[in-house]
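As stored in upload.tsv (TSV, C-alpha atoms and all ligand atoms):
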chain	number	residue	atom	x	y	z
H	1	MET	CA	164.62	68.17	268.52
H	2	ILE	CA	166.84	70.80	270.12
H	3	LYS	CA	166.67	74.34	268.81
H	4	ILE	CA	169.44	76.77	269.78
H	5	LYS	CA	169.15	80.49	269.03
H	6	VAL	CA	172.38	82.50	269.31
H	7	PRO	CA	172.78	86.27	268.89
H	8	ALA	CA	175.38	87.91	266.69
H	9	THR	CA	178.08	89.74	268.61
H	10	SER	CA	179.98	92.90	267.91
H	11	ALA	CA	183.39	92.41	269.49
H	12	ASN	CA	185.92	95.05	270.57
H	13	VAL	CA	183.30	97.85	270.44
H	14	GLY	CA	186.10	100.03	269.11
H	15	VAL	CA	188.54	100.26	272.00
H	16	GLY	CA	188.12	96.95	273.87
H	17	PHE	CA	190.30	94.71	271.69
H	18	ASP	CA	189.82	91.04	272.66
H	19	CYS	CA	187.93	91.92	275.87
H	20	LEU	CA	184.76	93.91	275.11
H	21	GLY	CA	181.77	92.50	273.22
H	22	LEU	CA	178.12	93.31	272.66
H	23	ALA	CA	175.29	90.90	271.83
H	24	VAL	CA	172.93	92.34	269.20
H	25	SER	CA	169.44	91.51	267.94
H	26	TYR	CA	170.52	89.54	264.87
H	27	TYR	CA	170.28	85.77	265.18
H	28	SER	CA	171.01	82.35	263.83
H	29	THR	CA	169.01	79.29	264.80
H	30	ILE	CA	170.61	75.87	264.74
H	31	THR	CA	168.57	72.71	265.22
H	32	PHE	CA	169.87	69.31	266.31
H	33	ASP	CA	167.90	66.14	265.76
H	34	GLU	CA	168.42	62.41	266.08
H	35	SER	CA	169.58	60.84	262.81
H	36	ALA	CA	169.87	57.37	261.31
H	37	GLU	CA	173.06	58.54	259.56
H	38	HIS	CA	176.28	59.52	261.32
H	39	LEU	CA	176.04	63.22	260.34
H	40	ILE	CA	173.74	65.29	258.14
H	41	ILE	CA	174.25	69.05	257.83
H	42	THR	CA	171.81	71.31	256.03
H	43	GLY	CA	171.30	75.05	255.68
H	44	SER	CA	175.01	75.82	255.69
H	45	PRO	CA	177.22	76.65	252.68
H	46	LYS	CA	178.29	73.40	250.91
H	47	GLU	CA	181.92	73.85	252.00
H	48	PHE	CA	180.83	73.49	255.65
H	49	GLN	CA	178.68	70.35	255.20
H	50	ASN	CA	181.21	67.90	256.64
H	51	GLU	CA	182.84	66.76	259.88
H	52	ASP	CA	184.98	69.91	259.97
H	53	ASN	CA	181.87	72.01	260.46
H	54	LEU	CA	182.48	74.25	263.46
H	55	VAL	CA	179.01	73.59	264.92
H	56	TYR	CA	179.64	69.85	264.78
H	57	LYS	CA	183.17	70.21	266.18
H	58	ALA	CA	181.76	72.15	269.14
H	59	PHE	CA	179.02	69.53	269.59
H	60	VAL	CA	181.69	66.80	269.66
H	61	LYS	CA	183.80	68.83	272.10
H	62	GLY	CA	180.78	69.17	274.40
H	63	CYS	CA	180.07	65.42	274.26
H	64	ASN	CA	183.74	64.60	274.92
H	65	PHE	CA	183.80	67.01	277.85
H	66	LEU	CA	180.83	65.15	279.32
H	67	ASP	CA	182.44	61.82	278.53
H	68	LYS	CA	179.39	60.80	276.49
H	69	PRO	CA	179.34	59.00	273.12
H	70	VAL	CA	178.77	61.40	270.22
H	71	PRO	CA	175.28	60.62	268.90
H	72	ASN	CA	174.31	60.46	265.23
H	73	VAL	CA	172.94	63.90	264.52
H	74	LYS	CA	171.20	66.01	261.90
H	75	ILE	CA	172.18	69.68	262.14
H	76	ASP	CA	170.34	72.46	260.36
H	77	ILE	CA	171.94	75.92	260.39
H	78	GLU	CA	169.68	78.82	259.48
H	79	GLY	CA	169.92	82.48	260.13
H	80	ASP	CA	171.03	85.97	259.60
H	81	VAL	CA	174.57	86.04	260.96
H	82	PRO	CA	176.81	86.23	257.88
H	83	VAL	CA	180.18	84.47	257.68
H	84	ALA	CA	183.38	86.48	258.24
H	85	ARG	CA	181.74	89.89	258.59
H	86	GLY	CA	182.78	90.72	262.17
H	87	LEU	CA	179.47	89.71	263.73
H	88	GLY	CA	180.74	86.57	265.42
H	89	SER	CA	179.50	83.83	263.07
H	90	SER	CA	182.21	81.52	264.43
H	91	SER	CA	181.03	82.16	268.00
H	92	VAL	CA	177.49	81.38	266.94
H	93	CYS	CA	178.72	77.97	265.72
H	94	VAL	CA	180.82	77.27	268.81
H	95	VAL	CA	178.16	78.33	271.31
H	96	ALA	CA	175.40	76.47	269.45
H	97	GLY	CA	177.34	73.19	269.28
H	98	LEU	CA	178.41	73.25	272.92
H	99	LYS	CA	174.99	74.30	274.17
H	100	ALA	CA	173.31	71.56	272.10
H	101	ALA	CA	175.60	68.92	273.64
H	102	SER	CA	174.69	70.25	277.06
H	103	VAL	CA	170.94	70.15	276.37
H	104	TRP	CA	171.20	66.73	274.68
H	105	PHE	CA	172.60	65.37	277.96
H	106	ASP	CA	170.13	67.09	280.34
H	107	ASP	CA	171.80	70.50	280.70
H	108	ALA	CA	174.98	68.90	281.95
H	109	ILE	CA	177.34	71.79	281.07
H	110	SER	CA	177.16	74.78	283.42
H	111	THR	CA	177.33	78.35	282.12
H	112	ASP	CA	180.86	78.75	283.53
H	113	GLN	CA	181.97	75.53	281.82
H	114	LEU	CA	180.34	76.73	278.60
H	115	LEU	CA	182.37	79.95	278.82
H	116	VAL	CA	185.62	78.02	279.34
H	117	LEU	CA	185.00	75.54	276.50
H	118	ALA	CA	183.79	78.20	274.07
H	119	THR	CA	186.76	80.47	274.83
H	120	GLN	CA	189.14	77.54	274.28
H	121	MET	CA	187.63	77.01	270.84
H	122	GLU	CA	187.46	80.70	269.81
H	123	GLY	CA	190.85	81.68	271.24
H	124	HIS	CA	189.49	84.94	272.67
H	125	PRO	CA	186.48	85.45	274.96
H	126	ASP	CA	185.00	88.70	273.62
H	127	ASN	CA	182.47	87.17	271.19
H	128	VAL	CA	181.52	83.97	272.99
H	129	THR	CA	180.84	85.69	276.32
H	130	PRO	CA	178.06	88.01	275.11
H	131	ALA	CA	176.79	85.25	272.79
H	132	ILE	CA	176.26	83.12	275.92
H	133	LEU	CA	175.22	85.79	278.43
H	134	GLY	CA	173.82	88.63	276.31
H	135	GLY	CA	174.44	92.36	276.76
H	136	LEU	CA	177.75	94.20	276.95
H	137	CYS	CA	180.46	92.06	278.52
H	138	VAL	CA	184.07	92.61	279.48
H	139	SER	CA	185.89	89.31	279.72
H	140	PHE	CA	189.46	88.12	280.12
H	141	LEU	CA	191.32	84.94	280.99
H	142	ASP	CA	192.76	84.79	284.53
H	143	ASP	CA	196.07	83.21	285.60
H	144	GLN	CA	194.45	79.76	285.57
H	145	ASN	CA	193.20	80.44	282.01
H	146	GLN	CA	189.63	80.71	283.27
H	147	PRO	CA	187.35	83.37	281.73
H	148	GLN	CA	186.36	86.19	284.09
H	149	VAL	CA	183.34	88.24	283.10
H	150	ILE	CA	181.72	91.50	284.10
H	151	GLN	CA	178.52	92.71	282.47
H	152	TYR	CA	177.70	96.38	281.84
H	153	GLY	CA	174.35	97.97	281.13
H	154	VAL	CA	173.82	99.77	277.82
H	155	SER	CA	171.57	102.81	277.80
H	156	ASP	CA	168.35	102.34	275.85
H	157	LYS	CA	168.88	105.88	274.51
H	158	LEU	CA	171.47	104.43	272.15
H	159	HIS	CA	170.85	103.14	268.63
H	160	PHE	CA	173.20	100.82	266.77
H	161	VAL	CA	173.41	100.69	262.98
H	162	ALA	CA	175.28	97.77	261.41
H	163	MET	CA	176.67	98.38	257.92
H	164	ILE	CA	177.43	94.89	256.63
H	165	PRO	CA	179.49	94.85	253.40
H	166	ASP	CA	178.99	92.27	250.70
H	167	TYR	CA	182.60	91.13	251.18
H	168	GLU	CA	184.31	89.09	253.87
H	169	VAL	CA	187.27	89.78	256.15
H	170	SER	CA	188.57	86.64	257.82
H	171	THR	CA	189.42	87.09	261.49
H	172	HIS	CA	192.52	84.95	261.03
H	173	LYS	CA	193.86	87.30	258.34
H	174	ALA	CA	192.77	90.43	260.22
H	175	ARG	CA	194.79	89.33	263.27
H	176	LYS	CA	197.90	88.87	261.13
H	177	VAL	CA	198.00	92.55	260.11
H	178	LEU	CA	198.32	93.71	263.73
H	179	PRO	CA	201.68	94.82	265.15
H	180	LYS	CA	203.34	92.67	267.81
H	181	THR	CA	204.02	95.45	270.32
H	182	LEU	CA	202.36	98.58	271.68
H	183	SER	CA	204.08	101.63	273.17
H	184	TYR	CA	203.48	102.61	276.80
H	185	ALA	CA	201.78	105.81	275.60
H	186	ASP	CA	199.41	103.83	273.38
H	187	ALA	CA	198.66	101.39	276.22
H	188	ILE	CA	197.69	104.34	278.46
H	189	HIS	CA	195.57	105.77	275.66
H	190	GLN	CA	193.81	102.44	275.19
H	191	VAL	CA	193.13	101.68	278.88
H	192	SER	CA	191.70	105.17	279.49
H	193	HIS	CA	189.51	105.09	276.39
H	194	CYS	CA	188.19	101.59	277.03
H	195	ALA	CA	187.26	102.42	280.63
H	196	ALA	CA	185.52	105.61	279.46
H	197	MET	CA	183.70	103.73	276.70
H	198	THR	CA	182.05	101.23	279.04
H	199	LYS	CA	180.65	104.00	281.26
H	200	ALA	CA	179.66	106.17	278.28
H	201	LEU	CA	177.66	103.26	276.82
H	202	GLU	CA	176.05	102.63	280.19
H	203	ILE	CA	174.86	106.25	280.59
H	204	GLY	CA	174.21	106.80	276.87
H	205	ASN	CA	176.50	109.83	276.58
H	206	SER	CA	177.08	110.11	272.83
H	207	ASP	CA	179.73	112.86	273.13
H	208	MET	CA	181.78	110.70	275.49
H	209	ILE	CA	181.26	107.67	273.23
H	210	HIS	CA	182.69	109.73	270.38
H	211	GLU	CA	185.72	110.83	272.44
H	212	ALA	CA	186.32	107.35	273.84
H	213	CYS	CA	185.99	105.50	270.55
H	214	ASP	CA	189.52	106.24	269.32
H	215	ASP	CA	191.31	102.95	268.93
H	216	ARG	CA	195.06	102.47	268.52
H	217	MET	CA	195.25	98.68	268.79
H	218	HIS	CA	193.54	97.33	265.69
H	219	GLU	CA	191.33	99.73	263.79
H	220	PRO	CA	194.09	101.75	262.05
H	221	TYR	CA	195.55	98.52	260.66
H	222	ARG	CA	192.29	96.82	259.78
H	223	ALA	CA	190.77	99.86	258.09
H	224	GLU	CA	193.12	98.99	255.21
H	225	LEU	CA	191.26	95.69	254.73
H	226	ILE	CA	187.91	97.45	254.25
H	227	PRO	CA	188.00	99.50	251.04
H	228	ASP	CA	184.86	101.47	251.97
H	229	TYR	CA	185.91	102.26	255.56
H	230	SER	CA	186.40	106.02	255.04
H	231	GLN	CA	183.17	106.51	253.11
H	232	ALA	CA	181.15	104.59	255.71
H	233	LYS	CA	182.79	106.57	258.51
H	234	ASN	CA	182.02	109.87	256.75
H	235	ILE	CA	178.34	108.90	256.41
H	236	SER	CA	178.17	107.92	260.06
H	237	GLU	CA	179.84	111.13	261.27
H	238	GLN	CA	177.84	113.36	258.92
H	239	PHE	CA	174.73	112.29	260.83
H	240	GLY	CA	176.20	112.46	264.34
H	241	GLY	CA	177.18	108.80	264.68
H	242	THR	CA	180.35	107.25	266.05
H	243	MET	CA	181.61	104.35	263.96
H	244	TYR	CA	183.88	101.44	264.79
H	245	ILE	CA	184.90	98.25	263.01
H	246	SER	CA	182.77	95.45	264.45
H	247	GLY	CA	185.01	92.56	265.51
H	248	SER	CA	187.68	92.19	262.86
H	249	GLY	CA	185.37	93.55	260.13
H	250	SER	CA	184.08	93.89	257.53
H	251	THR	CA	180.95	95.16	259.32
H	252	MET	CA	181.12	98.71	260.65
H	253	MET	CA	178.85	99.70	263.52
H	254	ALA	CA	177.58	103.24	264.09
H	255	ILE	CA	176.27	104.39	267.47
H	256	THR	CA	174.02	107.40	267.98
H	257	ALA	CA	171.70	108.62	270.73
H	258	ASP	CA	169.24	110.06	268.19
H	259	GLU	CA	166.80	107.70	266.47
H	260	LYS	CA	166.31	110.06	263.50
H	261	ASP	CA	170.08	110.18	262.99
H	262	ALA	CA	170.15	106.38	263.09
H	263	ASP	CA	167.50	106.33	260.32
H	264	ARG	CA	169.52	108.86	258.32
H	265	ILE	CA	172.65	106.72	258.63
H	266	VAL	CA	170.67	103.66	257.48
H	267	ASN	CA	169.17	105.48	254.47
H	268	ASN	CA	172.40	107.14	253.36
H	269	ALA	CA	174.60	104.07	253.83
H	270	GLN	CA	172.08	101.89	251.99
H	271	ALA	CA	171.98	104.40	249.12
H	272	ALA	CA	175.78	104.54	248.95
H	273	PHE	CA	176.17	100.76	249.22
H	274	PRO	CA	173.08	99.17	247.64
H	275	LYS	CA	174.49	95.62	247.89
H	276	TRP	CA	175.14	95.84	251.64
H	277	ILE	CA	172.83	94.92	254.47
H	278	VAL	CA	172.34	98.05	256.54
H	279	ARG	CA	170.08	97.82	259.56
H	280	LYS	CA	169.41	99.05	263.03
H	281	MET	CA	170.11	96.60	265.81
H	282	ALA	CA	169.18	96.59	269.47
H	283	VAL	CA	171.17	95.10	272.31
H	284	ASP	CA	170.30	91.45	272.96
H	285	SER	CA	170.24	91.05	276.72
H	286	THR	CA	169.47	87.32	276.84
H	287	GLY	CA	172.25	85.49	275.02
H	288	VAL	CA	171.89	81.91	273.82
H	289	VAL	CA	168.51	80.24	274.32
H	290	SER	CA	167.45	76.65	273.80
H	291	GLU	CA	164.17	74.89	273.25
H	292	VAL	CA	163.42	71.17	273.22
H	293	SER	CA	160.44	69.94	271.24
H	294	GLU	CA	158.91	66.66	270.12
H	295	ARG	CA	156.49	66.34	267.16
H	296	GLY	CA	155.80	70.11	267.18
H	297	LYS	CA	155.24	70.24	270.94
H	298	VAL	CA	157.61	72.40	273.04
H	299	LEU	CA	158.79	70.32	276.01
H	300	HIS	CA	160.96	72.92	277.74
H	301	ARG	CA	162.88	76.12	277.10
H	401	LIG	N1	177.18	78.33	258.94
H	401	LIG	C1	178.42	77.92	259.25
H	401	LIG	N2	178.72	76.62	259.23
H	401	LIG	C2	179.96	76.20	259.55
H	401	LIG	N3	180.98	77.01	259.89
H	401	LIG	C3	180.73	78.32	259.92
H	401	LIG	C4	179.45	78.85	259.62
H	401	LIG	N4	179.50	80.18	259.77
H	401	LIG	C5	180.76	80.47	260.14
H	401	LIG	N5	181.51	79.36	260.24
H	401	LIG	C6	182.93	79.25	260.62
H	401	LIG	O1	183.37	80.49	261.11
H	401	LIG	C7	184.44	81.01	260.26
H	401	LIG	C8	184.32	82.50	260.15
H	401	LIG	O2	184.78	83.02	261.35
H	401	LIG	P1	185.54	84.39	261.44
H	401	LIG	O3	186.55	84.53	260.33
H	401	LIG	O4	186.02	84.52	262.84
H	401	LIG	O5	184.42	85.46	261.13
H	401	LIG	P2	183.23	86.01	262.02
H	401	LIG	O6	183.58	87.44	262.18
H	401	LIG	O7	182.00	85.82	261.22
H	401	LIG	O8	183.25	85.24	263.31
H	401	LIG	C9	184.24	80.28	258.94
H	401	LIG	O9	185.43	80.21	258.21
H	401	LIG	C10	183.78	78.91	259.41
H	401	LIG	O10	184.87	78.15	259.89
H	402	LIG	N1	188.76	90.42	269.25
H	402	LIG	C1	188.63	89.68	268.01
H	402	LIG	C2	187.18	89.69	267.61
H	402	LIG	C3	186.88	89.01	266.31
H	402	LIG	O1	185.49	89.10	266.06
H	402	LIG	P1	184.84	88.52	264.73
H	402	LIG	O2	183.37	88.76	264.88
H	402	LIG	O3	185.43	89.26	263.60
H	402	LIG	O4	185.19	87.05	264.70
H	402	LIG	C4	189.47	90.38	266.95
H	402	LIG	O5	189.34	91.59	266.82
H	402	LIG	O6	190.28	89.71	266.28

Can you turn what I pasted into C-alpha cells?
Ligand SMILES: Nc1ncnc2c1ncn2[C@@H]1O[C@H](COP(=O)(O)OP(=O)(O)O)[C@@H](O)[C@H]1O
Ligand SMILES: N[C@@H](CCOP(=O)(O)O)C(=O)O
Amino acid sequence: MIKIKVPATSANVGVGFDCLGLAVSYYSTITFDESAEHLIITGSPKEFQNEDNLVYKAFVKGCNFLDKPVPNVKIDIEGDVPVARGLGSSSVCVVAGLKAASVWFDDAISTDQLLVLATQMEGHPDNVTPAILGGLCVSFLDDQNQPQVIQYGVSDKLHFVAMIPDYEVSTHKARKVLPKTLSYADAIHQVSHCAAMTKALEIGNSDMIHEACDDRMHEPYRAELIPDYSQAKNISEQFGGTMYISGSGSTMMAITADEKDADRIVNNAQAAFPKWIVRKMAVDSTGVVSEVSERGKVLHR
C-alpha cells in the first residue's frame, strides 16, 4: 500500500497572484492499493467516486508519462483539506495521484518532472509547487513552459490563522470575475508589494507585511464572492492581524507576529462564525511525503 500525505496550500499570499504559495500544516492523506476491480474510490464525496476523480486522473497521467499500464487500484481519500475553499484541494489531488504513480513504479518521476506534470494539470504553479516542496515558494513558467521555483524562508515569529467558511468558492468561477488587463501603475504597485511581501515574511516584520499586503490583481474582485469578507477582515485587523484571501477563497488567512493576537483572532472569528473552521496553522516545510507498507509493516518512506 502506498500512502501519500499532501499539505494544504495558501496560494497568492495576498499580492503574489499565480506565483506565490505557502504550504501549511493541514493535510490530506490518500492511500493507493492493489485492487481486483478496475477502480474503487472511497472517502471522497460520492460525486467524485468515478473515473473523473482528479486523484485518479493524475495517477493515470503519471502512469502514461512513464509509459506504464495503469494498474487496477483502490484509492482512499481522507483528510482535512476542504473542497473549493482556497486551500488547494485540487493540488492535493493532483500531487497525490502523480506522486503515487511515481512511487508505484519505483520513484520513477523526478521532483522536476512532478512539478511540470502537476503544473500542466493545475494550470498555474502556485499551489502545486509548495504542495510538492513545502514552505513559501515563488514559481513561474519559463519560455519553454517549464516551472522555475525559488523558495523563501518564513520567520517562525509569524502565526497564521485560517478562517474557513462553510461555503465554497470555485477557483474556476473566481478566475472569471477578474479583469483582463492591468494598468502600468497597478503593475508597478503589484511588483513592489510582492517583492516586499516575500522579504517581510522572511524576517517576520508584521508592519511591513501589513503595508505589502495590498493587492490590486484579484482580491478587490473576489471579495465580492465572500459575503463575510469585511467582517472577517475587521476581526483580523482589530487584533493586529493582516488578512488576505487564501487562493481564490473562500478561506481568509490572517497573519500576526503575536501569538496572543492569533488566539484572539481565532476566538473572535469562531464566535462570529460558529459554523466555520477557524484554526491556527504553521508553515509546512516538507511538502508531499510518501510511505510504502505491506501488512502493517512500513517498507520505506
Ligand atoms: N476529495 C476529492 N476527490 C476528488 N476531487 C476533488 C477532491 N477534492 C477536490 N477535488 C477536485 O478539486 C476541485 C476543487 O478545486 P478548486 O475549485 O480549485 O478549489 P480548491 O481551492 O480547493 O483547490 C473539485 O471540484 C474537484 O474537481
Ligand atoms: N492563483 C490561483 C490560486 C487558486 O488557489 P485555490 O486554492 O483557490 O485553488 C488563483 O488565485 O486563481

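Atom CA of Tyr56 of chain H lies 8.8 Å from atom CA of Leu39 of chain H.
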
Wanna dump the chain H-ligand LIG 402 (chain H) contacts at 8 Å for me, each residue with its shortest atom pair and the distance in Å to one decimal, counting only C-alpha atoms and all ligand atoms, ordered by chain and number, as JSON lines?
{"residue": "H:Thr9", "atom": "CA", "partner": "H:LIG402", "partner_atom": "O2", "distance": 6.5}
{"residue": "H:Ser10", "atom": "CA", "partner": "H:LIG402", "partner_atom": "O2", "distance": 6.1}
{"residue": "H:Ala11", "atom": "CA", "partner": "H:LIG402", "partner_atom": "C2", "distance": 5.0}
{"residue": "H:Asn12", "atom": "CA", "partner": "H:LIG402", "partner_atom": "N1", "distance": 5.6}
{"residue": "H:Phe17", "atom": "CA", "partner": "H:LIG402", "partner_atom": "N1", "distance": 5.2}
{"residue": "H:Asp18", "atom": "CA", "partner": "H:LIG402", "partner_atom": "N1", "distance": 3.6}
{"residue": "H:Cys19", "atom": "CA", "partner": "H:LIG402", "partner_atom": "N1", "distance": 6.8}
{"residue": "H:Leu20", "atom": "CA", "partner": "H:LIG402", "partner_atom": "N1", "distance": 7.9}
{"residue": "H:Ala84", "atom": "CA", "partner": "H:LIG402", "partner_atom": "O3", "distance": 6.4}
{"residue": "H:Arg85", "atom": "CA", "partner": "H:LIG402", "partner_atom": "O3", "distance": 6.3}
{"residue": "H:Gly86", "atom": "CA", "partner": "H:LIG402", "partner_atom": "O3", "distance": 3.3}
{"residue": "H:Leu87", "atom": "CA", "partner": "H:LIG402", "partner_atom": "O2", "distance": 4.2}
{"residue": "H:Gly88", "atom": "CA", "partner": "H:LIG402", "partner_atom": "O2", "distance": 3.5}
{"residue": "H:Ser89", "atom": "CA", "partner": "H:LIG402", "partner_atom": "O2", "distance": 6.5}
{"residue": "H:Ser90", "atom": "CA", "partner": "H:LIG402", "partner_atom": "O4", "distance": 6.3}
{"residue": "H:Ser91", "atom": "CA", "partner": "H:LIG402", "partner_atom": "O4", "distance": 7.2}
{"residue": "H:His124", "atom": "CA", "partner": "H:LIG402", "partner_atom": "N1", "distance": 6.5}
{"residue": "H:Pro125", "atom": "CA", "partner": "H:LIG402", "partner_atom": "N1", "distance": 7.9}
{"residue": "H:Asp126", "atom": "CA", "partner": "H:LIG402", "partner_atom": "N1", "distance": 6.0}
{"residue": "H:Asn127", "atom": "CA", "partner": "H:LIG402", "partner_atom": "O1", "distance": 6.3}
{"residue": "H:Val169", "atom": "CA", "partner": "H:LIG402", "partner_atom": "O3", "distance": 7.7}
{"residue": "H:Ser170", "atom": "CA", "partner": "H:LIG402", "partner_atom": "O3", "distance": 7.1}
{"residue": "H:Thr171", "atom": "CA", "partner": "H:LIG402", "partner_atom": "O3", "distance": 5.0}
{"residue": "H:His172", "atom": "CA", "partner": "H:LIG402", "partner_atom": "O6", "distance": 7.4}
{"residue": "H:Ala174", "atom": "CA", "partner": "H:LIG402", "partner_atom": "O6", "distance": 6.6}
{"residue": "H:Arg175", "atom": "CA", "partner": "H:LIG402", "partner_atom": "O6", "distance": 5.4}
{"residue": "H:His218", "atom": "CA", "partner": "H:LIG402", "partner_atom": "O5", "distance": 7.2}
{"residue": "H:Ser246", "atom": "CA", "partner": "H:LIG402", "partner_atom": "O2", "distance": 6.7}
{"residue": "H:Gly247", "atom": "CA", "partner": "H:LIG402", "partner_atom": "O1", "distance": 3.5}
{"residue": "H:Ser248", "atom": "CA", "partner": "H:LIG402", "partner_atom": "O3", "distance": 3.8}
{"residue": "H:Gly249", "atom": "CA", "partner": "H:LIG402", "partner_atom": "O3", "distance": 5.5}
{"residue": "H:Ser250", "atom": "CA", "partner": "H:LIG402", "partner_atom": "O3", "distance": 7.8}

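Shortest atom-to-atom contact with Gln120 of chain H among H:Val289, H:Ile277, H:Ala162, H:Leu98: H:Leu98, counting only C-alpha atoms.
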
Taking 3 positions as the minimum chain separation for residues in the same chain, which residues sit within 10 Å of Val154 of chain H when counting all atoms listed in the file? Answer as an mmCIF file with C-alpha atoms, in the frame of the given file.
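Result file is result.cif:
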data_model
loop_
_atom_site.group_PDB
_atom_site.id
_atom_site.type_symbol
_atom_site.label_atom_id
_atom_site.label_comp_id
_atom_site.auth_asym_id
_atom_site.auth_seq_id
_atom_site.Cartn_x
_atom_site.Cartn_y
_atom_site.Cartn_z
ATOM 1 C CA LEU H 22 178.120 93.310 272.660
ATOM 2 C CA GLY H 135 174.440 92.360 276.760
ATOM 3 C CA LEU H 136 177.750 94.200 276.950
ATOM 4 C CA GLN H 151 178.520 92.710 282.470
ATOM 5 C CA LYS H 157 168.880 105.880 274.510
ATOM 6 C CA LEU H 158 171.470 104.430 272.150
ATOM 7 C CA THR H 198 182.050 101.230 279.040
ATOM 8 C CA LYS H 199 180.650 104.000 281.260
ATOM 9 C CA ALA H 200 179.660 106.170 278.280
ATOM 10 C CA LEU H 201 177.660 103.260 276.820
ATOM 11 C CA GLU H 202 176.050 102.630 280.190
ATOM 12 C CA ILE H 203 174.860 106.250 280.590
ATOM 13 C CA GLY H 204 174.210 106.800 276.870
ATOM 14 C CA VAL H 283 171.170 95.100 272.310
ATOM 15 C CA SER H 285 170.240 91.050 276.720
#

Neighbours of point (182.2, 75.9, 271.1) within 12 Å, using only C-alpha atoms, written as a PyMOL selection string: chain H and resi 6+53-63+65+89-102+109+113-125+127-129+131-132

Val15 of chain H surroundings by all atoms listed in the file, 10 Å radius, close-in-sequence under 6 positions cut, as a ChimeraX atom specification: /H:189-198,212-219,244-245

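Going from atom CA of Asn145 of chain H to atom CA of Ser110 of chain H covers 17.1 Å.
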
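Atom to atom, atom CA of Gly241 of chain H and atom CA of Ala254 of chain H stand 5.6 Å apart.
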
Taking all atoms of segment 34-50 of chain H that the file lists, what box with edges along x, y and z, padded by 8 Å per side, do you get, with centre and edge lengths in Å to one decimal, as lines of an AutoDock Vina configuration file?
center_x = 175.2
center_y = 67.0
center_z = 258.5
size_x = 29.5
size_y = 35.3
size_z = 31.2

Contacts of Lys5 of chain H within 8 Å, all atoms listed in the file, excl. fewer than 5 positions in-chain, as a list in words: Tyr27, Ser28, Thr29, Ile30, Ala96, Val288, Val289 and Ser290 of chain H

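Of the listed residues (H:Gly134, H:Pro220, H:Gly43, H:Pro82), H:Pro82 comes nearest to Glu168 of chain H; the distances count all atoms listed in the file.
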
Nearest residue to ligand LIG 401 (chain H) from the set H:Lys68, H:Lys3, H:Lys173, H:Lys260 (distances using all atoms listed in the file): H:Lys173

Shortest interatomic distance to Phe32 of chain H - which of H:Pro227, H:Pro71, H:Pro45, H:Pro7, counting all atoms listed in the file: H:Pro71

Within-12 Å shell of (179.3, 110.8, 258.6) in input frame, only C-alpha atoms, as a ChimeraX atom specification: /H:229-243,254-256,261-262,264-266,268-269

Selection file, C-alpha atoms, as a short mmCIF file (atom, residue, chain, number, x, y, z; two decimals), in the frame of the given file:
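part32.cif was written with the following content:
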data_model
loop_
_atom_site.label_atom_id
_atom_site.label_comp_id
_atom_site.auth_asym_id
_atom_site.auth_seq_id
_atom_site.Cartn_x
_atom_site.Cartn_y
_atom_site.Cartn_z
CA TYR H 229 185.91 102.26 255.56
CA SER H 230 186.40 106.02 255.04
CA GLN H 231 183.17 106.51 253.11
CA ALA H 232 181.15 104.59 255.71
CA LYS H 233 182.79 106.57 258.51
CA ASN H 234 182.02 109.87 256.75
CA ILE H 235 178.34 108.90 256.41
CA SER H 236 178.17 107.92 260.06
CA GLU H 237 179.84 111.13 261.27
CA GLN H 238 177.84 113.36 258.92
CA PHE H 239 174.73 112.29 260.83
CA GLY H 240 176.20 112.46 264.34
CA GLY H 241 177.18 108.80 264.68
CA THR H 242 180.35 107.25 266.05
CA MET H 243 181.61 104.35 263.96
CA ALA H 254 177.58 103.24 264.09
CA ILE H 255 176.27 104.39 267.47
CA THR H 256 174.02 107.40 267.98
CA ASP H 261 170.08 110.18 262.99
CA ALA H 262 170.15 106.38 263.09
CA ARG H 264 169.52 108.86 258.32
CA ILE H 265 172.65 106.72 258.63
CA VAL H 266 170.67 103.66 257.48
CA ASN H 268 172.40 107.14 253.36
CA ALA H 269 174.60 104.07 253.83
#
